[in-house]
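Below you'll find the structure, written out as C-alpha cells, and then a few comments.
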Amino acid sequence: MQSLFLSRFSSLYITTALFCLLFLVGAFQFEGFGSSRVVANLFSDNAFLVITAIGMTFVIISGGIDLSVGAVIALTGVVCGLLIGELQMHPLLVFPLVLVGGGLFGAAMGALIHYYRLQPFIVTLAGMFLARGLATTLSEESIPIEHAFYDAVSDFGMLLPGGAWVGASTLILLLVLVAAVILAHYSRLGGYIYALGGSAQSAQLMGVPVARTTVSIYAISGFLSALGGIVYSFYTFSGYSLAAVGMELDAIAAVVIGGTLLSGGSGYVLGTVIGVLIMGVIQTYISFDGTLNSWWTKIVIGLLLFAFIGMQRLLTRQQAARLATGAAH
Amino acid sequence: MSNLNTTAGRPPAPAKIKLPRVNGRYLWPLLGLFLLLAVNLAITPEFFRIEIQDGRLYGSLIDVLNRSAPVALLAIGMTLVIATGGIDLSVGATMAIAGAVCANLIVGGVDSIFLVVAAGLAAGLMAGAVNGGLVSYMGIQPIVATLILMVAGRGIAQLINAGQIVTFQSEAFAFIGTGTLLGLPFPIVLVLIVFALVQLLMRKTALGLFVESVGCNAGASYYLGINQRAVKIVAYCIAGICAALAGMISAADIQGSDANNAGLWLELDAILAVVIGGASLMGGRFSIPLSIVGVLVIQCLGTTIIMSGLPAKFNLLIKAVVVIFVLLLQSPLFQQQMGALFARFQKRTNTEAKV
C-alpha cells in the first residue's frame with residue numbers, strides 16, 4: 001500500500017523537487033534570485049496562466065484537450081476593454097457577464113463534442129478561430145482600460161517581509177486553486193471527471209452522466225479562461241485581440257510537466273501549478289542571466305516536456321507491470 | 001466509431017459498391033469548393049480568366065493554387081500521419097528549421113543547390129524520425145510527442161539563425177519559391193510531383209493499406225504481421241520531408257529565413273484541410289486528393305473574403321463558422337437531424353398543398 005501511495009504521487013514529488021532544484025541553482029548563482037520577491041512575482045506574473053492551466057488540467061484529466069483558451073483570454077480582454085474602457089460600465093457588472101459568457105462558450109464546445117461525437121481537438125480549434133475572430137471583429141486595436149476599480153485592484157494587496165507583494169491576481173489564483181482541489185477530490189463531479197478520463201465506456205456503464213460531465217468540463221475550462229482573461233487585463237490594463245497567442249500550448253505544457261497524463265484519468269491540479277512555476281523559473285533565470293537568449297526557454301521547455309513524458313511512461317509501465325503481477329494488492 | 005463502420009466494414013468486393021461510396025465521400029468537400037468558386041465567379045467575373053505572359057500562366061486561380069502550395073505539401077504528409085491515428089503539430093516548426101538550415105548554408109558559401117536542398121530535406125527527415133520514434137517506440141501520444149518539437153523546434157531554428165532573420169541571395173534557391181516550370185509557378189509543380197509520388201507509393205504499393213490498417217487498429221495490425229512501428233515512422237518521416245519542402249518554398253519566397261514566423265500556425269491549417277477532406281482524426285481511411293480539396297477550400301475562402309470587399313478582420317470569424325458547419329455536415333447525427341427536419345418540412349408542404 002505504501003509503495004502504491006509513493007508511485008501515485010511520485011510524479012508530483014519529482015516535479016516539486018525539480019522546481020526547488022531550479023530555484024536553488026538560480027539562488028546560488030545570482031544575487032537577489034533567492035528572495036521572496038522573486039517567488040511572489042512568479043505567482044503574480046503567471047497568475048492568468050495558472051488559472052487557465054487549472055481549467056486545462058480538468059479537460060486533460062477527462063481525456064480531452066482545449067485549444068481555445070488563449071483566444072478566450074483575448075476575447076475576454078477585448079470585451080472588458082469595450083464595456084469598461086469605452087462604455088464606462090462598472091467592472092463588477094461586466095465581470096459576471098464575461099465569466100458566464102466564457103462558461104457558455106465552453107459548454108457549447110462540450111455539447112458539440114459529446115452530442116455530435118466530434119473530436120475535441122478540432123472542435124476547440126474551431127472555437128479558437130471563433131473566439132479570436134470575434135475579438136478581431138470587435139476591435140483590431142488594443143483598447144486601454146482606465147477605471148477607478150482597476151486602479152484600486154492594482155493597489156490592493158499586502159506586503160510580505162522581504163519585499164514580496166501579494167496582489168489581487170495572486171489571491172484570485174489561490175482561491176481558484178483551493179476551489180479546484182475541492183472540485184477534483186471532494187466532489188462528485190471530480191470523481192466523474194477522473195472516471196471519464198480512465199475509460200469513457202466504463203464510466204458510462206458505471207452510471208456516470210457522461211453528457212453532463214463533458215459539458216461541465218469544457219464549461220469550467222471556458223469559465224477559468226475568462227477569469228484568466230480578467231486577471232490578464234489587471235496585468236496589462238488593456239484588451240487586445242492578439243493577446244495570449246499560442247498560450248494554449250504553454251498551458252498544455254504546464255499540465256504535462258505537472259504530471260498529468262495526456263491519455264487521461266490521472267493528474268493533479270497542484271502539479272499543474274508547479275508546472276507553470278517551473279516554466280516561470282526558467283524564464284526568470286534567463287532574464288537574470290542576461291547573456292542567454294530567449295530561444296533557450298523554448299528548447300529547455302521542450303527538453304523538460306520530453307524528460308517528463310519519458311518518466312511518466314516508465315512509471316505507468318511499472319505500475320501496469322505491478323498490477324499485472326498482483327504485487328500492488 | 002464512424003471510422004469503424006466505414007473502414008472495417010469495407011466490402012470485400014469493391015468493384016460493385018465502389019461508386020456510391022466514393023460519391024458520398026467526394027460529395028461534400030467538392031460541393032463546398034464549387035460553391036466557393038461560384039461565389040467568386042459571381043463577385044469577380046474575371047476570376048477564372050487565365051492569361052499567358054512571358055511563358056507563364058497568370059490569373060486568380062493560379063494565384064490561389066500558388067499560395068496554397070505550402071499548406072498543400074503539409075496536408076499531404078499530415079494525411080498519412082492522421083491516417084495512422086496520429087497527428088503532427090510540429091510541421092510548422094519543421095518548416096522553420098528547414099528554412100534556417102538552407103539559408104545558413106547559402107550564406108555560409110555552399111554553392112551547390114543540390115547540397116542545400118538535400119540538407120533541408122535531411123533536417124525534415126530527422127524531425128520526422130524524432131516524431132515517429134517518440135510515437136512508435138516510446139508509445140507517447142502523438143499530440144504530446146509532436147508538441148515537444150513544436151515548442152523546441154522554433155527555438156532550434158532561432159538557434160541556427162542566431163536570433164536574426166537570415167537573408168540570402170541565390171537565384172537557384174529562389175527558383176523554388178518564385179520560378180516557373182512548364183508555364184506554372186514552381187511551387188505548384190512541386191506539389192504536383194510530391195502528390196504523384198506519394199499517391200503512387202500509397203495506392204500502387206501495399207503501404208497505403210498498411211497505413212489504413214494501422215490507423216484502424218494498431219494492435220490487430222501487429223498480430224497480422226504488419227510492422228506497425230515502421231509504418232508509423234514512415235508516415236512521420238514523409239510528413240517531415242513535406243514540411244521541409246514547404247519550408248524551403250516559404251524561405252525562397254522571401255529570400256530569407258524568419259525562424260519566428262515561417263510556417264507559423266500552418267500545422268492547424270493542414271490539420272483542418274485533412275478534416276475538411278473527410279478524414280477522421282481517429283485514423284483509418286484516408287484520401288490525399290480530398291485533403292488537397294480541403295486545402296483549396298481553405299485558400300479559396302480567404303480569397304473570397306478579400307475579393308468580396310469584406311474587411312479582413314472578418315476572415316477568422318467566417319473561417320470558424322465554415323469549419324463548424326463542415327464538421328457538423330460530416331456528423332451522422334446532424335445528417336439525421338437535418339434529414340428529419342427536411343422530411344417534416346416536406347410533409348407540411350404536402351399537407352398544405354392538399355388543403
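Simple scheme: letters A, B, ... for chains in C-alpha cells order, numbers from 1 for residues in each chain, numbers from 1 for ligands in the order shown.
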
Inset, instruction - Please provide as a PyMOL selection string all residues within 8 Å of stretch 51-62 of chain A, with the sequence filter that same-chain residues fewer than 5 positions apart are discarded (counting only C-alpha atoms). - result: chain A and resi 69+173+176-177+180+193-198+217-218+220-222+224-225+227-228+251-252+254-255+260-269+272-273

Inset, instruction - For chain A, work out the contacting residues on chain B at 7 Å, counting only C-alpha atoms, and write them as number ranges by chain. - result: B: 148-149, 151-152, 155-156, 158-159, 313-314, 316-317, 320, 323-324, 331, 333-334

Export, as a PDB file, in the first residue's frame, the selected residues with C-alpha atoms.
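Listed below is the output, part.pdb:
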ATOM      1  CA  ILE B 148       7.761  18.746 -27.949  1.00  0.00           C
ATOM      2  CA  LEU B 149       9.211  19.545 -31.360  1.00  0.00           C
ATOM      3  CA  VAL B 151       7.813  24.114 -28.875  1.00  0.00           C
ATOM      4  CA  ALA B 152      11.513  23.272 -29.135  1.00  0.00           C
ATOM      5  CA  GLY B 155      13.884  27.532 -30.558  1.00  0.00           C
ATOM      6  CA  ILE B 156      16.246  25.330 -32.578  1.00  0.00           C
ATOM      7  CA  GLN B 158      16.288  30.577 -33.849  1.00  0.00           C
ATOM      8  CA  LEU B 159      19.455  28.992 -32.515  1.00  0.00           C
ATOM      9  CA  LYS B 313     -10.944  41.315 -39.779  1.00  0.00           C
ATOM     10  CA  PHE B 314     -13.912  39.059 -40.556  1.00  0.00           C
ATOM     11  CA  LEU B 316     -11.124  34.292 -38.899  1.00  0.00           C
ATOM     12  CA  LEU B 317     -14.773  34.571 -37.891  1.00  0.00           C
ATOM     13  CA  ALA B 320     -14.596  29.429 -37.869  1.00  0.00           C
ATOM     14  CA  VAL B 323     -15.289  24.937 -40.208  1.00  0.00           C
ATOM     15  CA  ILE B 324     -18.013  24.265 -37.638  1.00  0.00           C
ATOM     16  CA  SER B 331     -21.536  14.130 -38.224  1.00  0.00           C
ATOM     17  CA  LEU B 333     -26.372  12.683 -36.010  1.00  0.00           C
ATOM     18  CA  PHE B 334     -26.507  16.110 -37.679  1.00  0.00           C
TER      19      PHE B 334
END

Inset, instruction - Would you kindly return, as a list in words, each protein, DNA or RNA residue with an atom no farther than 8 Å from any atom of B:Leu33, considering only C-alpha atoms and excluding same-chain residues fewer than 5 positions away? - result: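 Residues near the query, excluding close chain neighbours: Val293, Leu296, Val297 and Cys300 of chain B.
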
Inset, instruction - Using DSSP on the backbone coordinates, identify all residues within stretch 30-183 of chain A classified as helix (DSSP H, G or I); present the result as a VMD selection string. - result: chain A and resid 36 to 45 47 to 61 69 to 86 91 to 115 120 to 138 148 to 155 168 to 183

Write a file of the just-selected residues containing C-alpha atoms, as a tab-separated table (two decimals), in the first residue's frame.
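Final file, result.tsv:
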chain	number	residue	atom	x	y	z
A	36	SER	CA	10.55	36.01	-1.51
A	37	ARG	CA	10.02	38.84	-4.01
A	38	VAL	CA	11.03	36.58	-6.92
A	39	VAL	CA	8.69	33.85	-5.65
A	40	ALA	CA	5.81	36.30	-5.29
A	41	ASN	CA	6.45	37.61	-8.80
A	42	LEU	CA	6.39	34.06	-10.16
A	43	PHE	CA	2.83	33.84	-8.89
A	44	SER	CA	1.61	37.29	-9.88
A	45	ASP	CA	3.24	37.32	-13.35
A	47	ALA	CA	-1.48	34.12	-12.40
A	48	PHE	CA	-3.52	34.17	-15.63
A	49	LEU	CA	-1.59	31.18	-16.97
A	50	VAL	CA	-2.04	29.20	-13.74
A	51	ILE	CA	-5.78	29.88	-13.65
A	52	THR	CA	-6.20	28.84	-17.30
A	53	ALA	CA	-3.94	25.80	-16.90
A	54	ILE	CA	-6.05	24.61	-13.95
A	55	GLY	CA	-9.06	24.53	-16.29
A	56	MET	CA	-6.92	22.73	-18.88
A	57	THR	CA	-5.97	20.16	-16.22
A	58	PHE	CA	-9.60	19.09	-15.82
A	59	VAL	CA	-10.04	18.86	-19.59
A	60	ILE	CA	-6.91	16.75	-19.98
A	61	ILE	CA	-7.73	14.52	-16.99
A	69	VAL	CA	-8.14	29.07	-24.05
A	70	GLY	CA	-5.69	31.68	-25.40
A	71	ALA	CA	-8.33	33.04	-27.77
A	72	VAL	CA	-10.93	33.18	-24.97
A	73	ILE	CA	-8.45	35.22	-22.88
A	74	ALA	CA	-8.05	37.68	-25.77
A	75	LEU	CA	-11.82	37.86	-26.36
A	76	THR	CA	-12.43	38.48	-22.64
A	77	GLY	CA	-9.88	41.27	-22.68
A	78	VAL	CA	-11.43	42.93	-25.73
A	79	VAL	CA	-14.97	42.70	-24.30
A	80	CYS	CA	-13.75	44.13	-20.98
A	81	GLY	CA	-11.95	46.87	-22.90
A	82	LEU	CA	-15.06	47.79	-24.87
A	83	LEU	CA	-17.52	47.68	-21.94
A	84	ILE	CA	-15.28	49.14	-19.23
A	85	GLY	CA	-12.81	51.24	-21.21
A	86	GLU	CA	-15.16	52.73	-23.78
A	91	PRO	CA	-16.25	46.23	-13.86
A	92	LEU	CA	-18.30	44.41	-11.21
A	93	LEU	CA	-21.18	44.37	-13.71
A	94	VAL	CA	-19.00	43.33	-16.63
A	95	PHE	CA	-17.08	40.52	-14.92
A	96	PRO	CA	-20.09	38.25	-14.19
A	97	LEU	CA	-21.22	38.79	-17.78
A	98	VAL	CA	-17.84	37.82	-19.18
A	99	LEU	CA	-17.45	34.83	-16.87
A	100	VAL	CA	-20.88	33.45	-17.78
A	101	GLY	CA	-20.07	34.09	-21.44
A	102	GLY	CA	-16.82	32.12	-21.15
A	103	GLY	CA	-18.64	29.28	-19.39
A	104	LEU	CA	-21.34	29.15	-22.06
A	105	PHE	CA	-18.74	29.22	-24.82
A	106	GLY	CA	-17.02	26.21	-23.26
A	107	ALA	CA	-20.34	24.45	-22.65
A	108	ALA	CA	-21.25	24.87	-26.33
A	109	MET	CA	-17.98	23.25	-27.36
A	110	GLY	CA	-18.54	20.44	-24.86
A	111	ALA	CA	-22.03	19.86	-26.28
A	112	LEU	CA	-20.68	19.70	-29.84
A	113	ILE	CA	-18.03	17.22	-28.70
A	114	HIS	CA	-20.44	14.99	-26.84
A	115	TYR	CA	-23.66	15.07	-28.85
A	120	PRO	CA	-12.18	17.75	-29.04
A	121	PHE	CA	-9.04	18.80	-30.92
A	122	ILE	CA	-10.93	20.03	-33.98
A	123	VAL	CA	-13.94	21.46	-32.12
A	124	THR	CA	-11.76	23.53	-29.78
A	125	LEU	CA	-9.59	24.53	-32.76
A	126	ALA	CA	-12.74	25.92	-34.40
A	127	GLY	CA	-13.57	27.52	-31.04
A	128	MET	CA	-10.14	29.15	-31.06
A	129	PHE	CA	-10.77	30.60	-34.55
A	130	LEU	CA	-14.25	31.74	-33.47
A	131	ALA	CA	-13.12	33.48	-30.26
A	132	ARG	CA	-10.09	35.06	-31.92
A	133	GLY	CA	-12.26	36.05	-34.91
A	134	LEU	CA	-14.89	37.65	-32.65
A	135	ALA	CA	-12.14	39.52	-30.82
A	136	THR	CA	-10.63	40.92	-34.04
A	137	THR	CA	-14.10	41.75	-35.36
A	138	LEU	CA	-14.88	43.73	-32.21
A	148	ALA	CA	-11.01	53.63	-10.78
A	149	PHE	CA	-11.79	49.99	-9.98
A	150	TYR	CA	-8.72	48.79	-11.90
A	151	ASP	CA	-6.51	51.26	-10.00
A	152	ALA	CA	-7.99	50.00	-6.75
A	153	VAL	CA	-7.32	46.39	-7.77
A	154	SER	CA	-3.70	47.10	-8.60
A	155	ASP	CA	-3.23	48.87	-5.24
A	168	ALA	CA	-5.22	40.65	-6.16
A	169	SER	CA	-4.14	38.32	-9.00
A	170	THR	CA	-2.26	36.04	-6.62
A	171	LEU	CA	-5.21	35.96	-4.22
A	172	ILE	CA	-7.62	35.05	-7.04
A	173	LEU	CA	-5.20	32.35	-8.11
A	174	LEU	CA	-5.09	30.87	-4.61
A	175	LEU	CA	-8.89	30.91	-4.36
A	176	VAL	CA	-9.19	29.14	-7.71
A	177	LEU	CA	-6.60	26.59	-6.63
A	178	VAL	CA	-8.48	25.77	-3.42
A	179	ALA	CA	-11.77	25.51	-5.29
A	180	ALA	CA	-10.18	23.31	-7.95
A	181	VAL	CA	-8.67	20.92	-5.40
A	182	ILE	CA	-12.04	20.64	-3.66
A	183	LEU	CA	-13.76	20.06	-7.01

Contacts of B:Gly108 at 12 Å or less, counting only C-alpha atoms, minus same-chain residues fewer than 4 places along, as a PDB file with N, CA and C atoms, in the first residue's frame?
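Contents of selection-v5.pdb, freshly written:
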ATOM      1  N   ALA B 100      15.809  27.611 -42.064  1.00  0.00           N
ATOM      2  CA  ALA B 100      17.002  28.142 -41.398  1.00  0.00           C
ATOM      3  C   ALA B 100      18.256  27.402 -41.856  1.00  0.00           C
ATOM      4  N   VAL B 101      18.159  26.062 -41.978  1.00  0.00           N
ATOM      5  CA  VAL B 101      19.311  25.262 -42.418  1.00  0.00           C
ATOM      6  C   VAL B 101      19.750  25.702 -43.816  1.00  0.00           C
ATOM      7  N   CYS B 102      18.778  25.796 -44.747  1.00  0.00           N
ATOM      8  CA  CYS B 102      19.109  26.173 -46.121  1.00  0.00           C
ATOM      9  C   CYS B 102      19.706  27.569 -46.173  1.00  0.00           C
ATOM     10  N   ALA B 103      19.059  28.533 -45.489  1.00  0.00           N
ATOM     11  CA  ALA B 103      19.526  29.923 -45.541  1.00  0.00           C
ATOM     12  C   ALA B 103      20.954  30.029 -45.030  1.00  0.00           C
ATOM     13  N   ASN B 104      21.249  29.333 -43.930  1.00  0.00           N
ATOM     14  CA  ASN B 104      22.594  29.449 -43.359  1.00  0.00           C
ATOM     15  C   ASN B 104      23.647  28.773 -44.222  1.00  0.00           C
ATOM     16  N   SER B 112      26.507  24.561 -54.221  1.00  0.00           N
ATOM     17  CA  SER B 112      25.689  23.529 -54.849  1.00  0.00           C
ATOM     18  C   SER B 112      24.260  23.573 -54.312  1.00  0.00           C
ATOM     19  N   VAL B 116      22.308  22.083 -50.747  1.00  0.00           N
ATOM     20  CA  VAL B 116      21.453  22.902 -49.875  1.00  0.00           C
ATOM     21  C   VAL B 116      20.087  22.239 -49.704  1.00  0.00           C
ATOM     22  N   ASN B 161      19.733  30.344 -36.611  1.00  0.00           N
ATOM     23  CA  ASN B 161      19.812  31.696 -37.184  1.00  0.00           C
ATOM     24  C   ASN B 161      20.465  32.691 -36.234  1.00  0.00           C
ATOM     25  N   VAL B 166      17.831  35.656 -41.319  1.00  0.00           N
ATOM     26  CA  VAL B 166      18.968  35.481 -42.233  1.00  0.00           C
ATOM     27  C   VAL B 166      18.491  35.637 -43.669  1.00  0.00           C
ATOM     28  N   THR B 167      18.994  36.652 -44.368  1.00  0.00           N
ATOM     29  CA  THR B 167      18.617  36.830 -45.772  1.00  0.00           C
ATOM     30  C   THR B 167      19.754  36.354 -46.665  1.00  0.00           C
ATOM     31  N   PHE B 168      19.408  35.943 -47.876  1.00  0.00           N
ATOM     32  CA  PHE B 168      20.432  35.404 -48.778  1.00  0.00           C
ATOM     33  C   PHE B 168      20.134  35.806 -50.212  1.00  0.00           C
ATOM     34  N   GLN B 169      21.149  35.679 -51.056  1.00  0.00           N
ATOM     35  CA  GLN B 169      20.999  35.942 -52.476  1.00  0.00           C
ATOM     36  C   GLN B 169      21.352  34.660 -53.204  1.00  0.00           C
ATOM     37  N   SER B 170      20.395  34.001 -53.780  1.00  0.00           N
ATOM     38  CA  SER B 170      20.691  32.800 -54.549  1.00  0.00           C
ATOM     39  C   SER B 170      19.578  32.595 -55.557  1.00  0.00           C
TER      40      SER B 170
END

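For stretch 46-186 of chain A, backbone-based DSSP labels the following residues as strand (DSSP E or B): Ile143, Pro144, Gly157, Met158, Leu159, Leu160, Ala164, Trp165, Val166 and Gly167 of chain A.
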
Inset, instruction - Compare B:Gln199, B:Asn227, B:Asn131, B:Thr94 by their minimum atom-to-atom distance to B:Asn261, counting only C-alpha atoms, and give me the closest one. - result: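 Of the candidates, the smallest distance to B:Asn261 is held by B:Thr94.
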
Legend entry - Closest of B:Gln330, B:Thr178, B:Ser60, B:Thr146 to B:Asp253 - atom-to-atom distances counting only C-alpha atoms: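 Among the listed residues, B:Thr178 lies closest to B:Asp253.
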
Inset, instruction - For B:Gly263, work out the shell of residues within 6 Å, counting only C-alpha atoms and skipping chain neighbours fewer than 2 positions away, then give it as JSON, numbers by chain. - result: {"B": [92, 95, 266]}

Legend entry - Separation of atom CA of B:Ser250 from atom CA of B:Gly128 in Å: 19.1 Å

Inset, instruction - Could you tell me how far atom CA of B:Leu37 lies from atom CA of B:Leu200, in Å and to one decimal? - result: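 We find that atom CA of B:Leu37 and atom CA of B:Leu200 lie 28.8 Å from each other.
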
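Our summary of the geometry notes that atom CA of B:Leu65 is positioned 25.2 Å from atom CA of B:Ile113.
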
Find the residues near stretch 280-285 of chain B: any atom within 6 Å, counting only C-alpha atoms, skip ones fewer than 5 places away on the same chain, and give them as a compact mmCIF listing (two decimals) with C-alpha atoms, in the first residue's frame.
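What ended up in result-v1.txt:
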# COMPACT_ATOMS: atom_id res chain seq x y z
CA ILE B 82 -3.63 11.25 -39.37
CA ALA B 83 -4.42 8.02 -41.24
CA THR B 84 -2.17 6.12 -38.83
CA GLY B 85 -4.23 7.59 -35.97
CA GLU B 212 -5.08 2.40 -43.06
CA GLY B 215 -4.85 3.58 -38.17
CA CYS B 216 -7.86 1.34 -37.68

Would you write out, as CSV, a table of all residues in stretch 65-169 of chain B that have an atom no more than 8 Å from an atom of stretch 231-239 of chain B, listing for each the closest atom pair and the distance in Å to one decimal, considering only C-alpha atoms and ordering rows by chain and rising residue number?
residue,atom,partner,partner_atom,distance
B:Leu74,CA,B:Ala239,CA,6.8
B:Ile76,CA,B:Ala239,CA,7.4
B:Gly77,CA,B:Ala239,CA,3.8
B:Met78,CA,B:Ala239,CA,5.9
B:Leu80,CA,B:Ala235,CA,5.5
B:Val81,CA,B:Ala235,CA,5.3
B:Thr84,CA,B:Lys232,CA,6.5
B:Asp88,CA,B:Tyr236,CA,7.6
B:Val91,CA,B:Ala239,CA,7.4
B:Gly124,CA,B:Cys237,CA,7.5
B:Leu125,CA,B:Cys237,CA,5.3
B:Met126,CA,B:Cys237,CA,7.6
B:Ala127,CA,B:Cys237,CA,7.5
B:Gly128,CA,B:Cys237,CA,4.1
B:Ala129,CA,B:Cys237,CA,5.5
B:Asn131,CA,B:Tyr236,CA,6.5
B:Gly132,CA,B:Ile233,CA,4.2
B:Gly133,CA,B:Ile233,CA,6.4
B:Val135,CA,B:Lys232,CA,7.9
B:Ser136,CA,B:Lys232,CA,6.5
